[in-house]
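Structure first, then comments.
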Amino acid sequence: MSHGTNTALSGADLAAVTDRMAMSIAGDSEVQAAISRDGKLVVVVQPVENYMRGEVLPRGQAEAFTGRVRTLLSRHAPDRFLWVMNRDAFYNLRKRELDGVDRRIDLGPSPDAINPKYALTAKFSSLGNETASRRTNYYLCSYELTNLADRSVLWTDAFEISKVAVKGFLD
């Protein structure tokens, strides 16, 4: 449990959560079996789903919680995972690159696109309690690696964070 003046998720939480998730994925026996059977896992990272009760998780901060897992696995297990750009992000990038080109032309998918076989997802939930003297927040950060062909979950893990803030004079 963390004590202080703020109960929001922090950079220290980002490091703790993502370090644990990257180690968990890389060390999971089911993931290792899939890699042995199929070779590199082709994975797309999905945007974080925010189910927190009142906290705002801006897109950039949310992407940091999945992007850092991807970066850690790319650095420490490059022979086990192939990361594919999210389709919507790809189309948005391509749209910006082709700004000014006739919009009536349907470009369709990239001809050399690699389709992902797995999706890495994260869901963040929170519970909170507030009294006259303190504020308590509990966060659950759940991650899943899902097979896109049959929707089976290959790996899942979660990280729990509890924070307490003592209220100050102006709270």
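Residue names in the structure tokens use chain letters A, B, ... in the order shown, residue numbers from 1 in each chain, and ligand numbers from 1 in the order shown.
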
Residues at most 12 Å from Ala149 (chain A), counting only C-alpha atoms, excluding those fewer than 5 positions away in the same chain, as a PDB file with C-alpha atoms, in the first residue's frame?
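What ended up in result-v8.pdb:
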```
ATOM      1  CA  ASN A 115      -2.318 -10.082 -39.773  1.00  0.00           C
ATOM      2  CA  PRO A 116      -1.947 -10.514 -36.025  1.00  0.00           C
ATOM      3  CA  LYS A 117      -2.755 -13.847 -34.415  1.00  0.00           C
ATOM      4  CA  TYR A 118      -2.900 -12.488 -30.855  1.00  0.00           C
ATOM      5  CA  ALA A 119      -4.067  -9.286 -29.160  1.00  0.00           C
ATOM      6  CA  LEU A 154      -3.549 -17.701 -23.895  1.00  0.00           C
TER       7      LEU A 154
END
```

| task | For region 123-127 of chain A, work out the shell of residues within 7 Å, counting only C-alpha atoms and skipping chain neighbours fewer than 3 positions away, then give it as a PyMOL selection string. | result | chain A and resi 48-53+137-143

With N, CA and C atoms retained, could you export that selection as a PDB file, in the first residue's frame?
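Saved result, out-v2.pdb, follows:
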```pdb
ATOM      1  N   VAL A  48      -5.936   0.552 -24.142  1.00  0.00           N
ATOM      2  CA  VAL A  48      -6.353   0.214 -22.782  1.00  0.00           C
ATOM      3  C   VAL A  48      -7.823   0.580 -22.604  1.00  0.00           C
ATOM      4  N   GLU A  49      -8.571  -0.302 -21.952  1.00  0.00           N
ATOM      5  CA  GLU A  49      -9.970  -0.032 -21.623  1.00  0.00           C
ATOM      6  C   GLU A  49     -10.026   0.523 -20.202  1.00  0.00           C
ATOM      7  N   ASN A  50     -10.613   1.705 -20.060  1.00  0.00           N
ATOM      8  CA  ASN A  50     -10.667   2.388 -18.773  1.00  0.00           C
ATOM      9  C   ASN A  50     -12.023   2.150 -18.115  1.00  0.00           C
ATOM     10  N   TYR A  51     -12.032   1.325 -17.070  1.00  0.00           N
ATOM     11  CA  TYR A  51     -13.233   1.081 -16.274  1.00  0.00           C
ATOM     12  C   TYR A  51     -13.102   1.695 -14.885  1.00  0.00           C
ATOM     13  N   MET A  52     -12.214   2.685 -14.755  1.00  0.00           N
ATOM     14  CA  MET A  52     -12.015   3.309 -13.456  1.00  0.00           C
ATOM     15  C   MET A  52     -13.211   4.188 -13.119  1.00  0.00           C
ATOM     16  N   ARG A  53     -13.499   4.322 -11.849  1.00  0.00           N
ATOM     17  CA  ARG A  53     -14.742   4.938 -11.391  1.00  0.00           C
ATOM     18  C   ARG A  53     -14.831   6.419 -11.683  1.00  0.00           C
ATOM     19  N   ASN A 137      -7.730   4.666  -2.760  1.00  0.00           N
ATOM     20  CA  ASN A 137      -8.056   4.137  -4.082  1.00  0.00           C
ATOM     21  C   ASN A 137      -7.395   2.782  -4.255  1.00  0.00           C
ATOM     22  N   TYR A 138      -8.139   1.872  -4.862  1.00  0.00           N
ATOM     23  CA  TYR A 138      -7.647   0.540  -5.192  1.00  0.00           C
ATOM     24  C   TYR A 138      -7.757   0.397  -6.706  1.00  0.00           C
ATOM     25  N   TYR A 139      -6.678  -0.011  -7.346  1.00  0.00           N
ATOM     26  CA  TYR A 139      -6.658  -0.194  -8.797  1.00  0.00           C
ATOM     27  C   TYR A 139      -6.388  -1.658  -9.127  1.00  0.00           C
ATOM     28  N   LEU A 140      -7.077  -2.147 -10.142  1.00  0.00           N
ATOM     29  CA  LEU A 140      -6.825  -3.479 -10.692  1.00  0.00           C
ATOM     30  C   LEU A 140      -6.477  -3.287 -12.159  1.00  0.00           C
ATOM     31  N   CYS A 141      -5.268  -3.673 -12.526  1.00  0.00           N
ATOM     32  CA  CYS A 141      -4.786  -3.568 -13.909  1.00  0.00           C
ATOM     33  C   CYS A 141      -4.686  -4.988 -14.455  1.00  0.00           C
ATOM     34  N   SER A 142      -5.646  -5.373 -15.306  1.00  0.00           N
ATOM     35  CA  SER A 142      -5.727  -6.735 -15.843  1.00  0.00           C
ATOM     36  C   SER A 142      -5.253  -6.752 -17.288  1.00  0.00           C
ATOM     37  N   TYR A 143      -4.406  -7.710 -17.605  1.00  0.00           N
ATOM     38  CA  TYR A 143      -3.872  -7.861 -18.963  1.00  0.00           C
ATOM     39  C   TYR A 143      -4.243  -9.246 -19.486  1.00  0.00           C
TER      40      TYR A 143
END
```

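CA of Thr121 (chain A) to CA of Ser36 (chain A) spans 22.5 Å [interatomic distance, one decimal].
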
| Contacts of region 22-29 of chain A at 10 Å (only C-alpha atoms; same-chain gap of 4+ positions) as a ChimeraX atom specification | /A:17-18,33-35,66,68-74,76-77,80-81,143-145,154-158

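Candidate residues A:Val42, A:Ala12, A:Val31, A:Ala122 were compared for distance to Ile161 (chain A), and the nearest is A:Ala12, using only C-alpha atoms.
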
| request: Considering only C-alpha atoms, state which residue in the set A:Leu148, A:Val166, A:Leu82, A:Ala62 is at the smallest distance from Gly11 (chain A). | output: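 Checking each candidate against Gly11 (chain A), we get A:Ala62 as the closest.
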